[in-house]
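To start, the structure itself, in structure tokens.
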Amino acid sequence: MKILVTGSAGMLGSTLCPILTQRGQEVIATDFAQIHDGIHLDVTDYTQVDEIVGKTRPDIVMHLAAETDVDKCEREPDHAFLMNTIGTQNVAYVCQKRNVTMAYISTTGVFYGDKFEPYTEFDPPNPINVYGRSKLEVKRSFKVFSNGTTSLGRLDVWRWPNKGQKIHWQNNKTNE
Ligand SMILES: NC(=O)c1ccc[n+]([C@@H]2O[C@H](COP(=O)([O-])OP(=O)(O)OC[C@H]3O[C@@H](n4cnc5c(N)ncnc54)[C@H](OP(=O)(O)O)[C@@H]3O)[C@@H](O)[C@H]2O)c1
């Protein structure tokens, strides 16, 4: 399987790409930053996304590129919405046009955070900050792009400063 990864130099991408390669997948690593053995791709540039997906013809695009600096999102909301909403819409539109499966990681930040029990996908979103709102807008636009098939995965990501990173896939389920 050929998998194009956006934001591959980030926390999740830099851990996931070697795992995918070890498991025999063909990985096309892309990021905004210049990366070794990878392709420069700015997801806010629709033409670039279309060209690179068209040229490399992946089976799946794992869209990990994002502005995850919550404080920067508060200070620069236009930048947050450009990256997290418009950038993701660009990837979604190209994938839809080229019939490529797209995987996208949302965030618990779409919820307010005041529920005592764990949130479920049926809880109404109510983001507390710009980061959460910029990710929630994507979910709304997916209703326009989606062909009716949606995969839900639950991913726990822990960041341990100075102790490396640990990623743990908890479970997966597919609905409709
Ligand atoms: N980490 C978590 O705990 C967590 C939890 C829930 C959801 N998520 C979601 O999982 C995904 C990956 O998160 P992450 O922690 O790996 O984020 P990350 O470490 O911030 O990585 C994001 C990557 O995207 C790159 N990027 C920035 N602007 C770009 C652009 N215009 N075009 C292409 N790439 C660009 C970043 O480059 P620069 O570093 O140079 O900006 C960085 O390499 C995101 O959608 C995030 O919202 C993460």
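Letters A, B, ... go to the chains of the structure tokens in the order shown; residues in each chain start at 1; ligands are counted from 1 in the same order.
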Residue list (helix (DSSP H, G or I), DSSP) for chain A, as a count of residues only: 69
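DSSP, applied to the backbone of this structure, assigns strand (DSSP E) to the following residues of range 2-92 of chain A: A:Lys2, A:Ile3, A:Leu4, A:Val5, A:Thr6, A:Glu26, A:Val27, A:Ile28, A:Ala29, A:Thr30, A:Asp31, A:Ile39, A:His40, A:Ile60, A:Val61, A:Met62, A:His63.
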Nearest-residue call for ligand 1, choices A:Tyr131, A:Tyr93, A:Phe116, A:Phe111, using only C-alpha atoms and all ligand atoms: A:Tyr131
Shell around range 24-34 of chain A at 12 Å using only C-alpha atoms, local window under 4 positions removed, as a ChimeraX atom specification: /A:1-11,13-20,38-45,48-49,52-53,55-67,83,87
Restrict the selected residues to N, CA and C atoms and save them as a CSV table (one decimal), in the first residue's frame.
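Saved to result04.csv:
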```csv
chain,number,residue,atom,x,y,z
A,1,MET,N,0.9,-1.2,0.0
A,1,MET,CA,0.0,0.0,0.0
A,1,MET,C,0.9,1.2,0.0
A,2,LYS,N,0.5,2.2,-0.8
A,2,LYS,CA,1.3,3.5,-0.9
A,2,LYS,C,0.6,4.5,0.0
A,3,ILE,N,1.3,5.1,1.0
A,3,ILE,CA,0.7,6.0,1.9
A,3,ILE,C,1.4,7.3,1.9
A,4,LEU,N,0.7,8.4,1.5
A,4,LEU,CA,1.3,9.7,1.6
A,4,LEU,C,1.0,10.3,2.9
A,5,VAL,N,2.0,10.8,3.6
A,5,VAL,CA,1.8,11.4,5.0
A,5,VAL,C,2.1,12.9,4.9
A,6,THR,N,1.1,13.7,5.3
A,6,THR,CA,1.4,15.2,5.4
A,6,THR,C,1.9,15.4,6.9
A,7,GLY,N,2.7,16.5,7.0
A,7,GLY,CA,3.2,16.8,8.4
A,7,GLY,C,4.0,15.6,9.0
A,8,SER,N,4.7,15.0,8.1
A,8,SER,CA,5.4,13.7,8.5
A,8,SER,C,6.6,14.0,9.5
A,9,ALA,N,7.1,15.2,9.6
A,9,ALA,CA,8.2,15.5,10.5
A,9,ALA,C,7.7,15.8,11.9
A,10,GLY,N,6.4,15.9,12.1
A,10,GLY,CA,5.8,16.2,13.4
A,10,GLY,C,5.9,15.0,14.3
A,11,MET,N,5.3,15.2,15.5
A,11,MET,CA,5.4,14.2,16.6
A,11,MET,C,4.8,12.9,16.1
A,13,GLY,N,3.8,12.0,13.0
A,13,GLY,CA,4.4,11.5,11.7
A,13,GLY,C,5.8,10.9,11.8
A,14,SER,N,6.6,11.5,12.6
A,14,SER,CA,8.0,11.0,12.7
A,14,SER,C,8.1,9.7,13.5
A,15,THR,N,7.0,9.3,14.2
A,15,THR,CA,6.9,8.0,14.9
A,15,THR,C,6.3,7.0,14.0
A,16,LEU,N,5.2,7.5,13.3
A,16,LEU,CA,4.4,6.6,12.5
A,16,LEU,C,5.1,6.1,11.2
A,17,CYS,N,5.8,7.1,10.5
A,17,CYS,CA,6.4,6.7,9.2
A,17,CYS,C,7.3,5.5,9.3
A,18,PRO,N,8.3,5.5,10.2
A,18,PRO,CA,9.2,4.4,10.3
A,18,PRO,C,8.4,3.1,10.6
A,19,ILE,N,7.3,3.2,11.4
A,19,ILE,CA,6.6,1.9,11.7
A,19,ILE,C,5.9,1.4,10.4
A,20,LEU,N,5.3,2.3,9.6
A,20,LEU,CA,4.7,1.9,8.4
A,20,LEU,C,5.7,1.3,7.5
A,38,GLY,N,12.2,13.3,1.8
A,38,GLY,CA,10.8,13.6,1.8
A,38,GLY,C,10.5,14.7,0.8
A,39,ILE,N,9.3,15.0,0.6
A,39,ILE,CA,8.8,16.0,-0.3
A,39,ILE,C,8.3,17.3,0.4
A,40,HIS,N,8.7,18.5,0.0
A,40,HIS,CA,8.1,19.7,0.6
A,40,HIS,C,6.6,19.8,0.1
A,41,LEU,N,5.8,19.9,1.1
A,41,LEU,CA,4.3,20.1,0.7
A,41,LEU,C,3.7,21.0,1.8
A,42,ASP,N,3.2,22.1,1.3
A,42,ASP,CA,2.4,23.1,2.1
A,42,ASP,C,0.9,22.8,1.9
A,43,VAL,N,0.3,22.3,2.9
A,43,VAL,CA,-1.1,21.9,2.7
A,43,VAL,C,-2.1,23.0,2.5
A,44,THR,N,-1.6,24.3,2.8
A,44,THR,CA,-2.5,25.4,2.6
A,44,THR,C,-2.5,25.8,1.1
A,45,ASP,N,-1.6,25.2,0.3
A,45,ASP,CA,-1.5,25.5,-1.2
A,45,ASP,C,-2.2,24.4,-1.9
A,48,GLN,N,-0.4,22.8,-5.0
A,48,GLN,CA,0.7,21.9,-4.6
A,48,GLN,C,0.1,20.6,-4.1
A,49,VAL,N,-0.9,20.6,-3.3
A,49,VAL,CA,-1.5,19.3,-2.8
A,49,VAL,C,-2.0,18.5,-4.0
A,52,ILE,N,1.0,17.1,-6.1
A,52,ILE,CA,1.8,16.0,-5.5
A,52,ILE,C,1.0,14.7,-5.3
A,53,VAL,N,-0.3,14.9,-4.9
A,53,VAL,CA,-1.1,13.7,-4.9
A,53,VAL,C,-1.3,13.1,-6.3
A,55,LYS,N,0.8,13.3,-8.8
A,55,LYS,CA,2.1,12.7,-9.3
A,55,LYS,C,2.4,11.4,-8.5
A,56,THR,N,2.2,11.4,-7.2
A,56,THR,CA,2.6,10.2,-6.5
A,56,THR,C,1.5,9.1,-6.4
A,57,ARG,N,0.3,9.4,-6.6
A,57,ARG,CA,-0.8,8.5,-6.7
A,57,ARG,C,-0.9,7.5,-5.5
A,58,PRO,N,-1.0,8.0,-4.3
A,58,PRO,CA,-1.1,7.2,-3.1
A,58,PRO,C,-2.5,6.5,-3.0
A,59,ASP,N,-2.5,5.4,-2.3
A,59,ASP,CA,-3.8,4.7,-2.0
A,59,ASP,C,-4.4,5.4,-0.8
A,60,ILE,N,-3.6,5.9,0.1
A,60,ILE,CA,-4.2,6.6,1.3
A,60,ILE,C,-3.3,7.9,1.6
A,61,VAL,N,-4.0,9.0,2.0
A,61,VAL,CA,-3.3,10.1,2.5
A,61,VAL,C,-3.6,10.2,4.0
A,62,MET,N,-2.5,10.1,4.8
A,62,MET,CA,-2.7,10.3,6.2
A,62,MET,C,-2.4,11.8,6.5
A,63,HIS,N,-3.4,12.5,6.8
A,63,HIS,CA,-3.2,14.0,6.9
A,63,HIS,C,-2.9,14.3,8.4
A,64,LEU,N,-1.6,14.5,8.6
A,64,LEU,CA,-1.2,14.8,10.0
A,64,LEU,C,-0.7,16.3,10.2
A,65,ALA,N,-0.6,17.0,9.0
A,65,ALA,CA,-0.1,18.4,9.1
A,65,ALA,C,-1.2,19.2,9.9
A,66,ALA,N,-0.7,20.0,10.8
A,66,ALA,CA,-1.6,20.8,11.6
A,66,ALA,C,-0.8,21.9,12.3
A,67,GLU,N,-1.5,22.9,12.7
A,67,GLU,CA,-1.0,23.9,13.7
A,67,GLU,C,-1.5,23.4,15.1
A,83,MET,N,-4.5,26.8,8.5
A,83,MET,CA,-3.8,25.5,8.6
A,83,MET,C,-4.7,24.4,8.8
A,87,GLY,N,-6.4,24.1,5.2
A,87,GLY,CA,-5.4,23.1,4.7
A,87,GLY,C,-6.0,21.7,4.7
```
Separation of atom 21 (O, counted along the ligand's line) of ligand 1 from CA of Leu82 in chain A, in Å and rounded to one decimal: 15.1 Å
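Comparing the minimum interatomic distances between ligand 1 and each of A:Phe122, A:Phe142, A:Tyr46, A:Tyr112, counting only C-alpha atoms and all ligand atoms, we find that A:Tyr46 sits nearest.
Distances here use only C-alpha atoms and all ligand atoms; by that measure, the residue among A:Ile105, A:Val110, A:Val100, A:Ile128 closest to ligand 1 is A:Ile105.
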Surrounding residues of Ser134 in chain A excluding itself and chain neighbours under 3 positions, 9 Å, only C-alpha atoms, as a PyMOL selection string: chain A and resi 73+77+80-85+110+129-131+137-138
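Each of A:His36, A:Lys135, A:Lys115, A:Arg140 was compared to ligand 1 using only C-alpha atoms and all ligand atoms, and A:Lys135 turns out to be the nearest.
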